[in-house]
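J.: Below are the structure tokens for one structure; questions will follow.
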Amino acid sequence: MARRAGAETYPARLRKSAHRAYSTLRRSGVDYFRGDGSDWIALAGLLLVIPAITALTLADPVWCAPTMLVLPIVAGGLLLRPASLLGLYATAAAALIVESIWLGPYEDGPARVTPGTVLTVAACGFFGLILAQFRARVGVPWRRGGTMLFDLRERIRVQSSLPRLPQGWHREMALRPAGGQSFSGDFVVAARTHGGRTLEAVLTDVSGKGMDAGSRALLLSGAFGGLLGSLPPHGFLPAANGYLLRQDWDEGFATSIHLVLDLETGDYELLSAGHPPALQLHAGSGQWEEKAAEGPLLGVYDGAEFDPVKGHLAPGDVLMLFTDGLVEAADRDIAEGIDRLTGEADRYVSTGFEGAAWHLIEACAKDVNDDRALLLLSRKA
């Protein structure tokens with residue numbers, strides 16, 4: 001009873017009211033950031049800014065020129081819906097009329113409302129309205145659009161992460177999108193199957209590059225991640241091929257290479273769908289060997305068959321899977337690119353291949369306008 005009475009004291013009720021107000025304000029702020037809330041707060045703020053700018057202009061038009069009205073107009077184009085934006089424009093037009101009447105004709109001296117001022121403010125309003133209408137049609141406000149792109153990039157990055165391998169194995173992956181963008185059409189999905197004994201990894205190159213291929217890469221990486229481990233290894237590429245055919249995209253093809261590696265014995269199989277060959281370094285001879293499997297592109301025709309190639313990773317051996325952006329360019333063919341890649345990779349034989357994937361991309365294809373990806377696996381001696 002004493003505890004209940006203490007909870008009903010004035011300070012306790014005040015704390016509860018403050019907590020409810022904070023929760024409501026925070027929820028409104030989150031909804032507004034996501035684009036789910038009303039824009040009346042932004043509209044009210046901008047409507048208060050316009051009289052403030054007008055007052056400063058009337059007081060000192062030299063330091064606060066009439067063209068300062070473009071600031072709330074630009075902000076409105078980013079924050080408001082088209083209907084609210086029209087109300088803001090009407091207020092700005094009224095402010096221009098007041099300024100022109102108060103300051104007098106523009107022929108009387110500088111810092112007046114000139115025809116150029118009116119055209120500048122009108123042009124900013126016109127482009128702001130176009131931007132607002134585009135956002136309304138797409139249904140994604142600007143404050144949410146950046147978050148969605150960030151989330152897209154992070155999902156691709158997380159889905160391309162490689163699982164931990166048992167002691168004695170090293171793996172790493174490096175990815176460089178075209179043109180320094182954040183989105184790539186190259187991705188990796190990997191999983192340990194059969195109780196963790198087998199590593200299955202799929203490196204895929206979606207048609208297109210950069211941001212154009214980013215959305216398709218996200219869709220395919222999710223689908224391929226669901227297929228990987230759910231089907232027998234020889235059934236993965238046929239199922240992936242059927243999935244691409246059902247999408248009916250204009251640019252619906254992709255290349256892919258599927259690695260099935262026994263982590264206990266080092267035996268592996270490679271299945272390829274029009275992908276560049278893998279490269280294996282044999283520690284005993286110090287020579288690189290191309291491991292090329294046969295198979296058509298994904299998404300071209302139904303009933304495609306994919307013939308595997310087998311290999312074995314002995315202690316000290318290295319296996320590299322990569323996309324064509326790393327070894328192919330306008331001024332060289334794929335054979336020259338592979339020679340350059342293996343030549344650069346030889347530098348890491350004596351020091352080990354930890355951290356080599358990123359450096360190999362930088363050394364072999366730093367300024368190539370294509371997505372580049374390299375997956376490197378090594379068995380420690």
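Residues in the structure tokens are numbered from 1 in each chain, the chains being A, B, ... in the order shown, and ligands are numbered from 1 in the order shown.
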May I have the residues within 9 Å of A:Gly299 as a list in words, using only C-alpha atoms and disregarding those fewer than 2 positions away in the same chain?
T.: Ala240, Asn241, Gly242, Tyr243, Leu244, Leu245, Arg246, Gln247, Asp248, Gly252, Phe253, Ala254, Pro296, Leu297, Tyr301 and Asp302 of chain A
J.: Restrict the selected residues to N, CA and C atoms and save them as a PDB file, in the first residue's frame.
T.:
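Wrote selection.pdb, looks like this:
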ATOM      1  N   ALA A 240      19.045 -22.433 -60.283  1.00  0.00           N
ATOM      2  CA  ALA A 240      19.299 -21.005 -60.444  1.00  0.00           C
ATOM      3  C   ALA A 240      18.974 -20.543 -61.859  1.00  0.00           C
ATOM      4  N   ASN A 241      19.272 -21.372 -62.839  1.00  0.00           N
ATOM      5  CA  ASN A 241      18.952 -21.039 -64.223  1.00  0.00           C
ATOM      6  C   ASN A 241      17.444 -20.916 -64.423  1.00  0.00           C
ATOM      7  N   GLY A 242      16.692 -21.847 -63.853  1.00  0.00           N
ATOM      8  CA  GLY A 242      15.234 -21.769 -63.948  1.00  0.00           C
ATOM      9  C   GLY A 242      14.675 -20.540 -63.255  1.00  0.00           C
ATOM     10  N   TYR A 243      15.279 -20.159 -62.135  1.00  0.00           N
ATOM     11  CA  TYR A 243      14.806 -18.974 -61.413  1.00  0.00           C
ATOM     12  C   TYR A 243      14.999 -17.714 -62.265  1.00  0.00           C
ATOM     13  N   LEU A 244      16.161 -17.573 -62.903  1.00  0.00           N
ATOM     14  CA  LEU A 244      16.389 -16.396 -63.746  1.00  0.00           C
ATOM     15  C   LEU A 244      15.445 -16.363 -64.931  1.00  0.00           C
ATOM     16  N   LEU A 245      15.175 -17.519 -65.528  1.00  0.00           N
ATOM     17  CA  LEU A 245      14.260 -17.551 -66.665  1.00  0.00           C
ATOM     18  C   LEU A 245      12.861 -17.101 -66.264  1.00  0.00           C
ATOM     19  N   ARG A 246      12.445 -17.418 -65.052  1.00  0.00           N
ATOM     20  CA  ARG A 246      11.103 -17.024 -64.609  1.00  0.00           C
ATOM     21  C   ARG A 246      11.000 -15.528 -64.339  1.00  0.00           C
ATOM     22  N   GLN A 247      12.124 -14.843 -64.121  1.00  0.00           N
ATOM     23  CA  GLN A 247      12.074 -13.403 -63.856  1.00  0.00           C
ATOM     24  C   GLN A 247      11.747 -12.600 -65.114  1.00  0.00           C
ATOM     25  N   ASP A 248      12.134 -13.120 -66.278  1.00  0.00           N
ATOM     26  CA  ASP A 248      11.827 -12.464 -67.554  1.00  0.00           C
ATOM     27  C   ASP A 248      12.353 -11.024 -67.578  1.00  0.00           C
ATOM     28  N   GLY A 252      18.509 -10.454 -68.361  1.00  0.00           N
ATOM     29  CA  GLY A 252      18.237 -11.490 -67.395  1.00  0.00           C
ATOM     30  C   GLY A 252      19.321 -12.525 -67.224  1.00  0.00           C
ATOM     31  N   PHE A 253      20.505 -12.339 -67.811  1.00  0.00           N
ATOM     32  CA  PHE A 253      21.497 -13.396 -67.709  1.00  0.00           C
ATOM     33  C   PHE A 253      22.531 -13.071 -66.633  1.00  0.00           C
ATOM     34  N   ALA A 254      23.253 -14.096 -66.252  1.00  0.00           N
ATOM     35  CA  ALA A 254      24.311 -13.958 -65.255  1.00  0.00           C
ATOM     36  C   ALA A 254      25.307 -15.088 -65.460  1.00  0.00           C
ATOM     37  N   PRO A 296      26.555 -23.200 -69.884  1.00  0.00           N
ATOM     38  CA  PRO A 296      26.082 -21.956 -70.504  1.00  0.00           C
ATOM     39  C   PRO A 296      25.761 -20.893 -69.455  1.00  0.00           C
ATOM     40  N   LEU A 297      25.498 -19.685 -69.906  1.00  0.00           N
ATOM     41  CA  LEU A 297      25.077 -18.598 -69.029  1.00  0.00           C
ATOM     42  C   LEU A 297      23.762 -18.940 -68.341  1.00  0.00           C
ATOM     43  N   TYR A 301      18.585 -20.194 -71.639  1.00  0.00           N
ATOM     44  CA  TYR A 301      17.610 -21.164 -72.137  1.00  0.00           C
ATOM     45  C   TYR A 301      17.387 -22.237 -71.082  1.00  0.00           C
ATOM     46  N   ASP A 302      16.247 -22.875 -71.175  1.00  0.00           N
ATOM     47  CA  ASP A 302      15.855 -23.888 -70.202  1.00  0.00           C
ATOM     48  C   ASP A 302      16.545 -25.210 -70.524  1.00  0.00           C
TER      49      ASP A 302
END
J.: Excluding same-chain residues fewer than 5 positions from A:Tyr89, what lies within 10 Å of it counting only C-alpha atoms, as a list in words?
T.: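 Returned residues: Leu47, Leu69, Pro72, Ile73, Gly76, Ser84, Ala94, Ala95, Val121, Ala122, Gly125, Phe126 and Leu129 of chain A.
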J.: Measure the distance from atom CA of A:Gln287 to atom CA of A:Val318 in Å and round it to one decimal.
T.: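 Separating atom CA of A:Gln287 from atom CA of A:Val318 is a distance of 10.6 Å.
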J.: Taking the backbone alone, and naming residues the way the document does, which bits of stretch 109-325 of chain A are strand (DSSP E or B) by DSSP, as a PyMOL selection string?
T.: chain A and resi 169-176+186-193+198-206+254-262+267-273+278-282+287-291+294+298+307+309-312+318-322
J.: Would you save the residues from that selection as a compact mmCIF listing (two decimals), in the first residue's frame, using C-alpha atoms?
T.:
# COMPACT_ATOMS: atom_id res chain seq x y z
CA TRP A 169 42.04 -23.02 -43.91
CA HIS A 170 42.06 -19.35 -44.90
CA ARG A 171 39.37 -17.54 -46.89
CA GLU A 172 38.79 -13.95 -47.92
CA MET A 173 36.73 -12.02 -50.40
CA ALA A 174 37.21 -8.58 -51.96
CA LEU A 175 34.64 -6.67 -54.00
CA ARG A 176 35.03 -3.44 -55.97
CA ASP A 186 29.00 -9.22 -58.35
CA PHE A 187 28.21 -11.13 -55.18
CA VAL A 188 29.06 -14.29 -53.25
CA VAL A 189 26.82 -16.63 -51.28
CA ALA A 190 28.45 -19.33 -49.19
CA ALA A 191 27.45 -21.91 -46.59
CA ARG A 192 28.87 -24.90 -44.80
CA THR A 193 26.78 -27.98 -45.47
CA THR A 198 31.58 -29.13 -46.92
CA LEU A 199 31.99 -25.53 -48.01
CA GLU A 200 29.72 -24.44 -50.85
CA ALA A 201 30.43 -21.03 -52.36
CA VAL A 202 28.84 -19.41 -55.40
CA LEU A 203 30.40 -16.36 -57.08
CA THR A 204 27.97 -14.65 -59.47
CA ASP A 205 28.29 -11.80 -61.95
CA VAL A 206 24.92 -10.26 -62.84
CA ALA A 254 24.31 -13.96 -65.25
CA THR A 255 27.52 -15.94 -64.99
CA SER A 256 28.20 -18.05 -61.94
CA ILE A 257 30.75 -20.50 -60.57
CA HIS A 258 29.88 -22.99 -57.84
CA LEU A 259 32.56 -24.46 -55.58
CA VAL A 260 31.91 -27.58 -53.52
CA LEU A 261 34.92 -28.16 -51.22
CA ASP A 262 35.44 -31.00 -48.74
CA ASP A 267 38.78 -32.51 -52.68
CA TYR A 268 36.52 -30.14 -54.60
CA GLU A 269 34.23 -29.80 -57.57
CA LEU A 270 33.66 -26.72 -59.69
CA LEU A 271 30.53 -26.13 -61.76
CA SER A 272 30.42 -23.11 -64.04
CA ALA A 273 27.71 -21.19 -65.88
CA ALA A 278 39.22 -20.72 -61.46
CA LEU A 279 42.95 -20.68 -60.76
CA GLN A 280 44.76 -23.15 -58.51
CA LEU A 281 48.30 -22.72 -57.25
CA HIS A 282 50.05 -26.03 -56.66
CA GLN A 287 52.60 -23.42 -61.00
CA TRP A 288 49.11 -22.04 -61.56
CA GLU A 289 46.50 -24.26 -63.22
CA GLU A 290 43.26 -23.13 -64.83
CA LYS A 291 40.23 -25.12 -63.69
CA GLU A 294 31.70 -26.18 -68.95
CA LEU A 298 22.30 -18.54 -66.46
CA ASP A 307 29.56 -30.37 -66.36
CA VAL A 309 35.55 -30.34 -63.05
CA LYS A 310 37.27 -31.93 -60.06
CA GLY A 311 40.40 -30.99 -58.16
CA HIS A 312 42.27 -31.34 -54.89
CA VAL A 318 45.56 -21.77 -53.19
CA LEU A 319 42.32 -21.49 -55.17
CA MET A 320 41.05 -18.21 -56.65
CA LEU A 321 37.58 -17.54 -58.05
CA PHE A 322 37.00 -14.19 -59.75
J.: Hey, which of A:Leu377, A:Leu227, A:Ala314, A:Leu219 ends up closest to A:Thr265? Count only C-alpha atoms.
T.: A:Ala314
J.: State, in Å with one decimal place, the distance from atom CA of A:Gly337 to atom CA of A:Gly325.
T.: 9.5 Å
